[in-house]
file upload32.cif (mmCIF, C-alpha atoms and all ligand atoms)
data_model
loop_
_atom_site.label_atom_id
_atom_site.label_comp_id
_atom_site.auth_asym_id
_atom_site.auth_seq_id
_atom_site.Cartn_x
_atom_site.Cartn_y
_atom_site.Cartn_z
CA MET A 1 27.40 3.45 3.15
CA ILE A 2 27.36 1.17 6.16
CA SER A 3 24.57 0.96 8.71
CA ALA A 4 25.03 1.45 12.45
CA PRO A 5 25.63 -1.86 14.27
CA PHE A 6 22.58 -3.92 15.25
CA ASP A 7 21.63 -7.29 16.71
CA TYR A 8 19.76 -9.63 14.40
CA HIS A 9 16.97 -12.07 15.35
CA ARG A 10 15.09 -14.39 13.02
CA PRO A 11 12.06 -15.78 14.90
CA SER A 12 10.10 -18.70 13.47
CA SER A 13 6.69 -17.74 14.88
CA LEU A 14 4.63 -14.58 15.32
CA ALA A 15 4.52 -15.15 19.10
CA GLU A 16 8.32 -15.21 19.21
CA ALA A 17 8.51 -12.05 17.06
CA LEU A 18 6.08 -10.22 19.36
CA SER A 19 8.03 -11.30 22.42
CA LEU A 20 11.30 -9.98 20.91
CA LEU A 21 9.60 -6.66 20.10
CA ALA A 22 8.23 -6.42 23.64
CA ARG A 23 11.66 -7.23 25.13
CA HIS A 24 13.58 -4.65 23.06
CA GLY A 25 10.97 -1.86 22.95
CA ASP A 26 11.91 1.25 20.96
CA ASP A 27 15.32 -0.23 20.05
CA ALA A 28 13.72 -2.85 17.79
CA ARG A 29 12.30 -2.74 14.26
CA VAL A 30 10.86 -5.56 12.21
CA LEU A 31 12.52 -6.41 8.91
CA ALA A 32 10.32 -7.59 6.03
CA GLY A 33 11.73 -7.39 2.47
CA GLY A 34 14.23 -4.75 3.58
CA HIS A 35 13.74 -2.67 0.43
CA SER A 36 12.83 0.46 2.36
CA LEU A 37 14.34 -0.19 5.79
CA VAL A 38 17.82 -1.31 4.69
CA PRO A 39 18.46 1.74 2.44
CA ALA A 40 17.28 3.96 5.32
CA MET A 41 19.70 2.17 7.67
CA LYS A 42 22.59 2.55 5.23
CA LEU A 43 21.90 6.29 5.07
CA ARG A 44 21.64 6.28 8.91
CA LEU A 45 18.13 7.70 8.62
CA ALA A 46 17.11 4.68 10.71
CA GLU A 47 19.38 3.20 13.38
CA PRO A 48 17.56 0.32 15.06
CA ARG A 49 19.71 -1.56 17.56
CA VAL A 50 17.73 -4.75 17.04
CA LEU A 51 16.26 -6.17 13.84
CA VAL A 52 13.51 -8.79 14.06
CA ASP A 53 13.47 -10.51 10.66
CA LEU A 54 9.98 -11.84 9.81
CA SER A 55 11.10 -13.90 6.80
CA ARG A 56 10.80 -17.26 8.63
CA VAL A 57 7.36 -16.55 10.12
CA ALA A 58 5.25 -18.79 7.89
CA GLU A 59 1.92 -17.61 9.34
CA LEU A 60 2.53 -14.13 7.86
CA ARG A 61 2.74 -15.43 4.28
CA GLY A 62 0.22 -16.47 1.67
CA ILE A 63 -3.18 -15.75 0.20
CA SER A 64 -6.39 -17.42 1.43
CA GLU A 65 -10.13 -16.85 1.77
CA LYS A 66 -12.02 -16.75 5.06
CA ASP A 67 -15.59 -15.69 5.90
CA GLY A 68 -16.06 -14.11 2.47
CA ARG A 69 -12.86 -12.05 2.74
CA ILE A 70 -9.54 -12.49 0.91
CA VAL A 71 -6.75 -12.64 3.49
CA ILE A 72 -3.23 -11.68 2.38
CA GLY A 73 -0.37 -12.33 4.79
CA ALA A 74 1.75 -9.24 5.39
CA MET A 75 4.94 -11.01 4.23
CA THR A 76 3.46 -11.90 0.85
CA THR A 77 5.72 -10.39 -1.81
CA HIS A 78 4.67 -8.10 -4.64
CA ALA A 79 5.72 -10.86 -7.09
CA GLU A 80 3.52 -13.46 -5.36
CA LEU A 81 0.58 -11.07 -5.61
CA ALA A 82 1.31 -10.33 -9.28
CA SER A 83 1.29 -14.02 -10.23
CA SER A 84 -1.75 -15.17 -8.22
CA SER A 85 -4.46 -16.58 -10.49
CA PHE A 86 -6.79 -16.70 -7.45
CA LEU A 87 -6.43 -12.91 -7.04
CA ALA A 88 -6.71 -12.30 -10.78
CA ALA A 89 -10.16 -13.87 -10.60
CA LYS A 90 -11.29 -12.56 -7.19
CA CYS A 91 -9.61 -9.17 -6.74
CA PRO A 92 -7.95 -8.10 -10.00
CA LEU A 93 -6.96 -4.65 -8.70
CA LEU A 94 -4.20 -6.42 -6.74
CA THR A 95 -2.81 -8.30 -9.74
CA GLU A 96 -2.98 -5.17 -11.88
CA THR A 97 -1.06 -3.07 -9.34
CA ALA A 98 1.67 -5.49 -8.25
CA PRO A 99 3.60 -5.62 -11.58
CA GLN A 100 3.72 -1.81 -11.61
CA ILE A 101 5.85 -1.72 -8.44
CA GLY A 102 9.59 -1.09 -8.88
CA ASP A 103 11.49 -3.74 -10.81
CA ILE A 104 11.75 -7.51 -10.62
CA GLN A 105 14.25 -7.45 -7.71
CA VAL A 106 12.03 -5.11 -5.70
CA ARG A 107 8.96 -7.24 -6.42
CA ASN A 108 10.74 -10.47 -5.44
CA LYS A 109 11.76 -9.16 -2.00
CA GLY A 110 9.36 -6.33 -1.13
CA THR A 111 6.17 -7.22 0.75
CA ILE A 112 2.68 -5.76 0.83
CA GLY A 113 2.83 -5.50 4.63
CA GLY A 114 6.18 -3.72 4.53
CA SER A 115 4.87 -1.25 1.98
CA LEU A 116 1.70 -0.49 3.97
CA ALA A 117 3.57 -0.21 7.29
CA HIS A 118 6.23 2.03 5.74
CA ALA A 119 3.50 4.36 4.36
CA ASP A 120 5.69 6.08 1.78
CA PRO A 121 3.53 8.88 0.28
CA ALA A 122 4.41 7.62 -3.23
CA ALA A 123 3.79 3.90 -2.62
CA ASP A 124 1.31 1.93 -4.70
CA TRP A 125 -0.39 -0.39 -2.16
CA PRO A 126 -1.86 2.32 0.12
CA PRO A 127 -4.36 3.72 -2.45
CA VAL A 128 -5.30 0.18 -3.42
CA ALA A 129 -6.03 -0.64 0.23
CA LEU A 130 -8.13 2.54 0.51
CA ALA A 131 -10.12 1.93 -2.68
CA LEU A 132 -10.85 -1.66 -1.59
CA ASP A 133 -11.87 -0.57 1.94
CA ALA A 134 -9.29 -3.04 3.24
CA GLU A 135 -8.94 -3.99 6.88
CA MET A 136 -5.52 -4.36 8.50
CA GLU A 137 -5.22 -7.27 10.88
CA VAL A 138 -2.71 -6.33 13.57
CA ALA A 139 -1.09 -8.46 16.28
CA GLY A 140 0.41 -6.86 19.36
CA PRO A 141 1.34 -7.33 23.00
CA SER A 142 -2.30 -7.04 24.10
CA GLY A 143 -3.81 -9.25 21.38
CA SER A 144 -5.17 -8.66 17.90
CA ARG A 145 -7.16 -5.79 16.44
CA MET A 146 -8.45 -4.62 13.08
CA ILE A 147 -7.75 -1.17 11.62
CA ALA A 148 -9.73 0.12 8.64
CA ALA A 149 -7.53 1.36 5.79
CA ALA A 150 -9.34 4.71 6.08
CA GLY A 151 -7.78 5.21 9.53
CA PHE A 152 -4.41 3.52 8.91
CA PHE A 153 -2.32 6.17 7.14
CA THR A 154 -2.04 8.96 9.70
CA ASP A 155 0.76 11.17 8.32
CA ILE A 156 3.79 11.06 6.06
CA MET A 157 5.38 7.64 6.74
CA GLN A 158 3.18 7.28 9.85
CA THR A 159 0.49 4.72 10.51
CA ALA A 160 -1.92 3.76 13.27
CA LEU A 161 0.35 0.82 14.25
CA ARG A 162 1.40 1.08 17.90
CA PRO A 163 4.85 0.23 19.28
CA GLY A 164 5.34 -3.53 19.49
CA GLU A 165 2.61 -4.28 16.94
CA VAL A 166 3.04 -6.28 13.74
CA LEU A 167 0.81 -6.01 10.69
CA ARG A 168 -0.29 -9.62 10.30
CA ALA A 169 -2.57 -9.57 7.23
CA ILE A 170 -4.67 -7.44 4.92
CA ARG A 171 -8.32 -8.38 4.39
CA VAL A 172 -10.33 -7.31 1.35
CA ARG A 173 -13.68 -8.19 -0.17
CA PRO A 174 -13.69 -9.84 -3.60
CA THR A 175 -14.59 -7.45 -6.41
CA GLY A 176 -15.81 -7.74 -9.96
CA PRO A 177 -13.59 -6.95 -12.96
CA SER A 178 -14.42 -3.21 -13.04
CA VAL A 179 -11.21 -1.97 -11.42
CA ALA A 180 -8.07 -0.13 -12.55
CA TYR A 181 -4.75 1.19 -11.28
CA VAL A 182 -3.21 3.98 -13.35
CA LYS A 183 0.04 5.66 -12.37
CA THR A 184 2.56 8.12 -13.68
CA GLU A 185 5.84 6.92 -12.27
CA GLN A 186 9.05 8.59 -11.26
CA LYS A 187 11.26 7.14 -13.96
CA ALA A 188 14.29 6.14 -11.85
CA SER A 189 12.48 4.31 -9.03
CA GLY A 190 9.02 3.52 -10.32
CA PHE A 191 7.42 5.22 -7.30
CA ALA A 192 4.21 7.10 -8.10
CA LEU A 193 4.24 10.76 -8.99
CA CYS A 194 0.52 10.15 -9.07
CA GLY A 195 -1.20 6.76 -8.81
CA VAL A 196 -4.96 6.24 -8.89
CA ALA A 197 -6.86 3.13 -7.79
CA VAL A 198 -10.50 2.74 -8.85
CA VAL A 199 -13.17 0.20 -7.97
CA VAL A 200 -16.56 0.43 -9.72
CA ASP A 201 -19.20 -1.41 -7.70
CA ARG A 202 -21.99 -1.87 -10.22
CA ALA A 203 -24.41 -3.52 -7.78
CA ALA A 204 -24.17 -0.59 -5.36
CA ASN A 205 -23.86 1.97 -8.18
CA ARG A 206 -20.75 3.38 -6.46
CA VAL A 207 -17.23 4.34 -7.55
CA SER A 208 -14.29 4.29 -5.10
CA VAL A 209 -11.28 6.40 -6.04
CA ALA A 210 -8.01 6.68 -4.09
CA ILE A 211 -4.87 8.66 -4.95
CA THR A 212 -1.20 8.32 -3.97
CA GLY A 213 1.91 10.39 -4.69
CA ILE A 214 0.45 13.88 -4.62
CA ALA A 215 0.05 14.52 -0.88
CA ALA A 216 1.66 13.47 2.42
CA THR A 217 -0.79 10.60 2.76
CA PRO A 218 -2.86 8.68 0.23
CA PHE A 219 -6.51 9.68 0.27
CA ARG A 220 -9.97 8.85 -1.04
CA ALA A 221 -11.04 11.39 -3.66
CA SER A 222 -14.44 11.78 -2.03
CA GLN A 223 -15.47 14.78 -4.13
CA VAL A 224 -14.96 12.73 -7.30
CA GLU A 225 -16.91 9.84 -5.76
CA ARG A 226 -19.81 12.14 -4.82
CA ALA A 227 -19.87 13.76 -8.27
CA LEU A 228 -20.41 10.33 -9.82
CA GLU A 229 -23.13 9.15 -7.43
CA GLY A 230 -26.40 7.99 -8.87
CA GLY A 231 -25.91 8.25 -12.61
CA PRO A 232 -24.35 6.57 -15.63
CA LEU A 233 -20.57 6.61 -16.08
CA THR A 234 -20.54 8.61 -19.29
CA ALA A 235 -17.35 10.20 -20.63
CA GLU A 236 -18.80 13.65 -19.88
CA ARG A 237 -19.65 12.88 -16.25
CA ILE A 238 -16.29 11.19 -15.63
CA GLY A 239 -14.39 14.12 -17.18
CA GLU A 240 -16.36 16.61 -15.09
CA ALA A 241 -15.86 14.62 -11.87
CA ALA A 242 -12.11 14.22 -12.48
CA ARG A 243 -11.68 18.00 -12.38
CA VAL A 244 -11.98 17.92 -8.58
CA ALA A 245 -9.51 15.03 -8.14
CA ALA A 246 -7.01 17.07 -6.13
CA ALA A 247 -9.53 19.36 -4.44
CA GLY A 248 -8.66 20.02 -0.82
CA ALA A 249 -5.34 18.12 -0.95
CA GLN A 250 -2.16 19.71 0.45
CA LEU A 251 -0.12 19.01 -2.65
CA LEU A 252 3.51 17.89 -2.53
CA SER A 253 6.06 19.80 -4.58
CA ASP A 254 9.63 18.55 -5.07
CA MET A 255 12.38 18.01 -7.66
CA HIS A 256 10.25 15.33 -9.35
CA GLY A 257 7.14 17.44 -9.88
CA SER A 258 5.54 20.72 -8.83
CA ALA A 259 2.21 20.91 -6.99
CA ASP A 260 0.52 22.15 -10.19
CA TYR A 261 1.93 19.23 -12.19
CA ARG A 262 0.73 16.74 -9.58
CA ALA A 263 -2.76 18.30 -9.59
CA HIS A 264 -2.81 17.95 -13.37
CA LEU A 265 -1.68 14.30 -13.18
CA ALA A 266 -4.41 13.60 -10.64
CA GLN A 267 -7.12 14.87 -13.00
CA VAL A 268 -5.75 12.93 -15.97
CA ASN A 269 -5.13 9.68 -14.09
CA VAL A 270 -8.46 9.76 -12.26
CA ARG A 271 -10.27 10.17 -15.57
CA ARG A 272 -8.25 7.41 -17.25
CA ALA A 273 -8.65 5.00 -14.33
CA ILE A 274 -12.44 5.43 -14.11
CA VAL A 275 -12.83 5.11 -17.90
CA ARG A 276 -10.67 1.95 -17.87
CA ALA A 277 -12.43 0.39 -14.88
CA SER A 278 -15.93 1.11 -16.15
CA ALA A 279 -15.10 -0.42 -19.55
CA ARG A 280 -14.19 -3.72 -17.87
CA THR A 281 -17.32 -5.75 -17.42
C1 LIG B 1 14.62 0.71 -6.24
C2 LIG B 1 13.27 0.63 -5.55
C3 LIG B 1 12.13 0.91 -6.25
C4 LIG B 1 10.88 0.84 -5.64
N1 LIG B 1 9.78 1.15 -6.36
C5 LIG B 1 8.56 1.12 -5.75
C6 LIG B 1 7.37 1.42 -6.49
O1 LIG B 1 7.37 1.67 -7.69
N2 LIG B 1 6.19 1.41 -5.81
C7 LIG B 1 6.12 1.10 -4.47
O2 LIG B 1 5.03 1.10 -3.92
N3 LIG B 1 7.23 0.78 -3.77
C8 LIG B 1 8.44 0.79 -4.38
N4 LIG B 1 9.55 0.45 -3.65
C9 LIG B 1 9.41 0.10 -2.23
C10 LIG B 1 9.15 -1.41 -2.12
O3 LIG B 1 7.84 -1.68 -2.53
C11 LIG B 1 9.33 -1.91 -0.68
O4 LIG B 1 9.25 -3.27 -0.78
C12 LIG B 1 8.31 -1.47 0.35
O5 LIG B 1 8.19 -0.10 0.46
C13 LIG B 1 8.68 -1.93 1.75
O6 LIG B 1 8.45 -3.28 1.85
P1 LIG B 1 9.54 -4.22 2.49
O7 LIG B 1 8.90 -5.55 2.59
O8 LIG B 1 10.80 -4.13 1.72
O9 LIG B 1 9.68 -3.61 3.98
P2 LIG B 1 10.96 -3.23 4.85
O10 LIG B 1 11.86 -2.33 4.10
O11 LIG B 1 11.56 -4.46 5.43
O12 LIG B 1 10.23 -2.45 6.03
C14 LIG B 1 9.69 -1.15 5.82
C15 LIG B 1 9.15 -0.60 7.15
O13 LIG B 1 7.95 -1.27 7.51
C16 LIG B 1 8.10 -1.94 8.77
N5 LIG B 1 7.42 -3.24 8.61
C17 LIG B 1 7.66 -4.15 7.63
N6 LIG B 1 6.81 -5.18 7.74
C18 LIG B 1 6.02 -4.93 8.82
C19 LIG B 1 4.94 -5.62 9.44
N7 LIG B 1 4.47 -6.79 8.96
N8 LIG B 1 4.38 -5.07 10.54
C20 LIG B 1 4.82 -3.88 11.03
N9 LIG B 1 5.83 -3.17 10.48
C21 LIG B 1 6.42 -3.69 9.38
C22 LIG B 1 9.60 -2.06 9.00
O14 LIG B 1 9.93 -2.11 10.39
C23 LIG B 1 10.10 -0.79 8.34
O15 LIG B 1 9.93 0.30 9.22
C24 LIG B 1 10.80 0.51 -4.25
C25 LIG B 1 11.97 0.21 -3.53
C26 LIG B 1 13.19 0.27 -4.16
C27 LIG B 1 14.42 -0.07 -3.36
#
call {"tool": "encode", "arguments": {"input": "upload32.cif", "output": "structure tokens"}}
result
Amino acid sequence: MISAPFDYHRPSSLAEALSLLARHGDDARVLAGGHSLVPAMKLRLAEPRVLVDLSRVAELRGISEKDGRIVIGAMTTHAELASSSFLAAKCPLLTETAPQIGDIQVRNKGTIGGSLAHADPAADWPPVALALDAEMEVAGPSGSRMIAAAGFFTDIMQTALRPGEVLRAIRVRPTGPSVAYVKTEQKASGFALCGVAVVVDRAANRVSVAITGIAATPFRASQVERALEGGPLTAERIGEAARVAAAGAQLLSDMHGSADYRAHLAQVNVRRAIVRASART
């Protein structure tokens, strides 16, 4: 399988990347780790005439802390996230999720920004971003803006990014240790048949639950969250709340799993993730 021909640019700054995107308009796509875009190009599902490779844009890489937020550059790889001792201490949901993505080759090349921008309905980072109430820092032709994770994933493989915009970084608040990511994976790829991210905020007495893999977009399981409001996280309450994990979702059904199976996985994984997170103190 060979892709359609394309021109290749490798800018060394974000400003240069944005200028290339502005110059080439709809013909251009940015290239991050290439682990979703390149297979799509080989299958001719995507035929960009111009690729703008972000791999030399240093300002899009790395993990830092600013104004009480953890800032993760969009080009930071899954492997870099998995091995960060800073994140293990400050936001352990990220270091728990990263090693569950694909295999070592995928983790060494694939990026968190590429995964979020691609918005695959079975990807692992989107529910994590939702459960953490992440903010997406976006750079574009008319400056920078922030998009809340809750408004970022608009449809299957669609996001709130506008033409010519680049996802620059992901910002999250530090959390305590009471977090968990539990997924049932599709055995060949590792993608989620159902993945559940949970953050238990003990100070606010609140549980955040987000699910991937069972619907066209990842979503916050708000009925589960409401069912757990204002009381202790006992096994009985968690089990009861998990029953409504898939309530209201338009469930996917394909060769990897029926809608009923996905609904069942959602109940099981929501229960397991909340039990695991609440046991971590
Ligand atoms: C065999 C295999 C197994 C995998 N298993 C899993 C898995 O278990 N879980 C999982 O979550 N994922 C999995 N993936 C996907 C992997 O995580 C990819 O790395 C990810 O989906 C895309 O990231 P990327 O950096 O490779 O982006 P690319 O493929 O380079 O880009 C993807 C899309 O996002 C756009 N884009 C990239 N970066 C930006 C940016 N900064 N701003 C704006 N747009 C941008 C590109 O233009 C393109 O449209 C797997 C992939 C493979 C090949």
call {"tool": "residues_near_ligand", "arguments": {"input": "upload32.cif", "ligand": "ligand LIG 1 (chain B)", "cutoff": "6 Å", "atoms": "all atoms listed in the file", "output": "ChimeraX atom specification"}}
result
/A:29-37,74,101-102,106,110-111,113-115,117-118,123-125,166-168,189-191
call {"tool": "atom_distance", "arguments": {"input": "upload32.cif", "atom1": "atom CA of A:Val38", "atom2": "atom CA of A:Ser3"}}
result
8.2 Å
call {"tool": "residues_near_point", "arguments": {"input": "upload32.cif", "point": "(0.4, 9.3, -14.2)", "cutoff": "7 Å", "atoms": "all atoms listed in the file", "output": "PyMOL selection string"}}
result
chain A and resi 182-185+193-195+265+269
call {"tool": "atom_distance", "arguments": {"input": "upload32.cif", "atom1": "atom CA of A:Gln105", "atom2": "atom CA of A:Thr77"}}
result
10.8 Å
call {"tool": "closest_atom_pairs", "arguments": {"input": "upload32.cif", "of": "stretch 8-74 of chain A", "to": "stretch 86-90 of chain A", "cutoff": "9 Å", "atoms": "only C-alpha atoms", "output": "tab-separated table"}}
result
residue	atom	partner	partner_atom	distance
A:Ile63	CA	A:Leu87	CA	8.4
A:Ser64	CA	A:Phe86	CA	8.9
A:Ile70	CA	A:Lys90	CA	8.3
call {"tool": "write_last_selection", "arguments": {"input": "upload32.cif", "atoms": "C-alpha atoms", "output": "PDB file, in the coordinates of the input"}}
result
ATOM      1  CA  ILE A  63      -3.180 -15.750   0.200  1.00  0.00           C
ATOM      2  CA  SER A  64      -6.390 -17.420   1.430  1.00  0.00           C
ATOM      3  CA  ILE A  70      -9.540 -12.490   0.910  1.00  0.00           C
TER       4      ILE A  70
END
call {"tool": "build_atoms", "arguments": {"input": "upload32.cif", "residues": "stretch 228-261 of chain A", "atoms": "N, CA and C atoms", "output": "PDB file, in the coordinates of the input"}}
result
ATOM      1  N   LEU A 228     -19.990  11.425  -8.939  1.00  0.00           N
ATOM      2  CA  LEU A 228     -20.410  10.330  -9.820  1.00  0.00           C
ATOM      3  C   LEU A 228     -21.576   9.517  -9.262  1.00  0.00           C
ATOM      4  N   GLU A 229     -22.047   9.918  -8.062  1.00  0.00           N
ATOM      5  CA  GLU A 229     -23.130   9.150  -7.430  1.00  0.00           C
ATOM      6  C   GLU A 229     -24.404   9.194  -8.279  1.00  0.00           C
ATOM      7  N   GLY A 230     -25.033   8.036  -8.355  1.00  0.00           N
ATOM      8  CA  GLY A 230     -26.400   7.990  -8.870  1.00  0.00           C
ATOM      9  C   GLY A 230     -26.597   8.345 -10.327  1.00  0.00           C
ATOM     10  N   GLY A 231     -25.685   7.993 -11.191  1.00  0.00           N
ATOM     11  CA  GLY A 231     -25.910   8.250 -12.610  1.00  0.00           C
ATOM     12  C   GLY A 231     -25.001   7.378 -13.447  1.00  0.00           C
ATOM     13  N   PRO A 232     -25.178   7.405 -14.761  1.00  0.00           N
ATOM     14  CA  PRO A 232     -24.350   6.570 -15.630  1.00  0.00           C
ATOM     15  C   PRO A 232     -22.912   7.100 -15.716  1.00  0.00           C
ATOM     16  N   LEU A 233     -21.975   6.194 -15.979  1.00  0.00           N
ATOM     17  CA  LEU A 233     -20.570   6.610 -16.080  1.00  0.00           C
ATOM     18  C   LEU A 233     -20.261   6.994 -17.529  1.00  0.00           C
ATOM     19  N   THR A 234     -20.815   8.115 -17.942  1.00  0.00           N
ATOM     20  CA  THR A 234     -20.540   8.610 -19.290  1.00  0.00           C
ATOM     21  C   THR A 234     -19.199   9.345 -19.300  1.00  0.00           C
ATOM     22  N   ALA A 235     -18.631   9.488 -20.499  1.00  0.00           N
ATOM     23  CA  ALA A 235     -17.350  10.200 -20.630  1.00  0.00           C
ATOM     24  C   ALA A 235     -17.476  11.624 -20.087  1.00  0.00           C
ATOM     25  N   GLU A 236     -18.617  12.269 -20.327  1.00  0.00           N
ATOM     26  CA  GLU A 236     -18.800  13.650 -19.880  1.00  0.00           C
ATOM     27  C   GLU A 236     -18.803  13.731 -18.354  1.00  0.00           C
ATOM     28  N   ARG A 237     -19.558  12.841 -17.721  1.00  0.00           N
ATOM     29  CA  ARG A 237     -19.650  12.880 -16.250  1.00  0.00           C
ATOM     30  C   ARG A 237     -18.295  12.546 -15.622  1.00  0.00           C
ATOM     31  N   ILE A 238     -17.599  11.564 -16.189  1.00  0.00           N
ATOM     32  CA  ILE A 238     -16.290  11.190 -15.630  1.00  0.00           C
ATOM     33  C   ILE A 238     -15.312  12.359 -15.768  1.00  0.00           C
ATOM     34  N   GLY A 239     -15.292  12.986 -16.950  1.00  0.00           N
ATOM     35  CA  GLY A 239     -14.390  14.120 -17.180  1.00  0.00           C
ATOM     36  C   GLY A 239     -14.679  15.260 -16.221  1.00  0.00           C
ATOM     37  N   GLU A 240     -15.958  15.527 -16.002  1.00  0.00           N
ATOM     38  CA  GLU A 240     -16.360  16.610 -15.090  1.00  0.00           C
ATOM     39  C   GLU A 240     -15.945  16.271 -13.652  1.00  0.00           C
ATOM     40  N   ALA A 241     -16.194  15.031 -13.251  1.00  0.00           N
ATOM     41  CA  ALA A 241     -15.860  14.620 -11.870  1.00  0.00           C
ATOM     42  C   ALA A 241     -14.355  14.674 -11.640  1.00  0.00           C
ATOM     43  N   ALA A 242     -13.564  14.280 -12.640  1.00  0.00           N
ATOM     44  CA  ALA A 242     -12.110  14.220 -12.480  1.00  0.00           C
ATOM     45  C   ALA A 242     -11.492  15.593 -12.226  1.00  0.00           C
ATOM     46  N   ARG A 243     -12.212  16.652 -12.597  1.00  0.00           N
ATOM     47  CA  ARG A 243     -11.680  18.000 -12.380  1.00  0.00           C
ATOM     48  C   ARG A 243     -11.398  18.290 -10.912  1.00  0.00           C
ATOM     49  N   VAL A 244     -12.154  17.629 -10.014  1.00  0.00           N
ATOM     50  CA  VAL A 244     -11.980  17.920  -8.580  1.00  0.00           C
ATOM     51  C   VAL A 244     -11.105  16.863  -7.903  1.00  0.00           C
ATOM     52  N   ALA A 245     -10.307  16.125  -8.702  1.00  0.00           N
ATOM     53  CA  ALA A 245      -9.510  15.030  -8.140  1.00  0.00           C
ATOM     54  C   ALA A 245      -8.609  15.479  -6.998  1.00  0.00           C
ATOM     55  N   ALA A 246      -7.977  16.632  -7.145  1.00  0.00           N
ATOM     56  CA  ALA A 246      -7.010  17.070  -6.130  1.00  0.00           C
ATOM     57  C   ALA A 246      -7.596  18.102  -5.176  1.00  0.00           C
ATOM     58  N   ALA A 247      -8.912  18.307  -5.266  1.00  0.00           N
ATOM     59  CA  ALA A 247      -9.530  19.360  -4.440  1.00  0.00           C
ATOM     60  C   ALA A 247      -9.304  19.100  -2.963  1.00  0.00           C
ATOM     61  N   GLY A 248      -8.831  20.119  -2.267  1.00  0.00           N
ATOM     62  CA  GLY A 248      -8.660  20.020  -0.820  1.00  0.00           C
ATOM     63  C   GLY A 248      -7.359  19.363  -0.392  1.00  0.00           C
ATOM     64  N   ALA A 249      -6.584  18.803  -1.331  1.00  0.00           N
ATOM     65  CA  ALA A 249      -5.340  18.120  -0.950  1.00  0.00           C
ATOM     66  C   ALA A 249      -4.220  19.148  -0.754  1.00  0.00           C
ATOM     67  N   GLN A 250      -3.380  18.898   0.260  1.00  0.00           N
ATOM     68  CA  GLN A 250      -2.160  19.710   0.450  1.00  0.00           C
ATOM     69  C   GLN A 250      -1.110  19.101  -0.457  1.00  0.00           C
ATOM     70  N   LEU A 251      -0.913  19.685  -1.627  1.00  0.00           N
ATOM     71  CA  LEU A 251      -0.120  19.010  -2.650  1.00  0.00           C
ATOM     72  C   LEU A 251       1.375  19.067  -2.380  1.00  0.00           C
ATOM     73  N   LEU A 252       2.050  17.941  -2.636  1.00  0.00           N
ATOM     74  CA  LEU A 252       3.510  17.890  -2.530  1.00  0.00           C
ATOM     75  C   LEU A 252       4.122  18.622  -3.712  1.00  0.00           C
ATOM     76  N   SER A 253       5.312  19.164  -3.492  1.00  0.00           N
ATOM     77  CA  SER A 253       6.060  19.800  -4.580  1.00  0.00           C
ATOM     78  C   SER A 253       7.531  19.497  -4.324  1.00  0.00           C
ATOM     79  N   ASP A 254       8.216  18.878  -5.272  1.00  0.00           N
ATOM     80  CA  ASP A 254       9.630  18.550  -5.070  1.00  0.00           C
ATOM     81  C   ASP A 254      10.336  18.499  -6.419  1.00  0.00           C
ATOM     82  N   MET A 255      11.588  18.005  -6.423  1.00  0.00           N
ATOM     83  CA  MET A 255      12.380  18.010  -7.660  1.00  0.00           C
ATOM     84  C   MET A 255      11.757  17.128  -8.743  1.00  0.00           C
ATOM     85  N   HIS A 256      10.851  16.223  -8.354  1.00  0.00           N
ATOM     86  CA  HIS A 256      10.250  15.330  -9.350  1.00  0.00           C
ATOM     87  C   HIS A 256       8.981  15.901  -9.979  1.00  0.00           C
ATOM     88  N   GLY A 257       8.366  16.882  -9.306  1.00  0.00           N
ATOM     89  CA  GLY A 257       7.140  17.440  -9.880  1.00  0.00           C
ATOM     90  C   GLY A 257       6.575  18.528  -8.981  1.00  0.00           C
ATOM     91  N   SER A 258       6.120  19.621  -9.605  1.00  0.00           N
ATOM     92  CA  SER A 258       5.540  20.720  -8.830  1.00  0.00           C
ATOM     93  C   SER A 258       4.127  20.333  -8.369  1.00  0.00           C
ATOM     94  N   ALA A 259       3.584  21.143  -7.460  1.00  0.00           N
ATOM     95  CA  ALA A 259       2.210  20.910  -6.990  1.00  0.00           C
ATOM     96  C   ALA A 259       1.226  21.003  -8.162  1.00  0.00           C
ATOM     97  N   ASP A 260       1.432  21.986  -9.040  1.00  0.00           N
ATOM     98  CA  ASP A 260       0.520  22.150 -10.190  1.00  0.00           C
ATOM     99  C   ASP A 260       0.572  20.923 -11.098  1.00  0.00           C
ATOM    100  N   TYR A 261       1.783  20.421 -11.318  1.00  0.00           N
ATOM    101  CA  TYR A 261       1.930  19.230 -12.190  1.00  0.00           C
ATOM    102  C   TYR A 261       1.222  18.029 -11.564  1.00  0.00           C
TER     103      TYR A 261
END
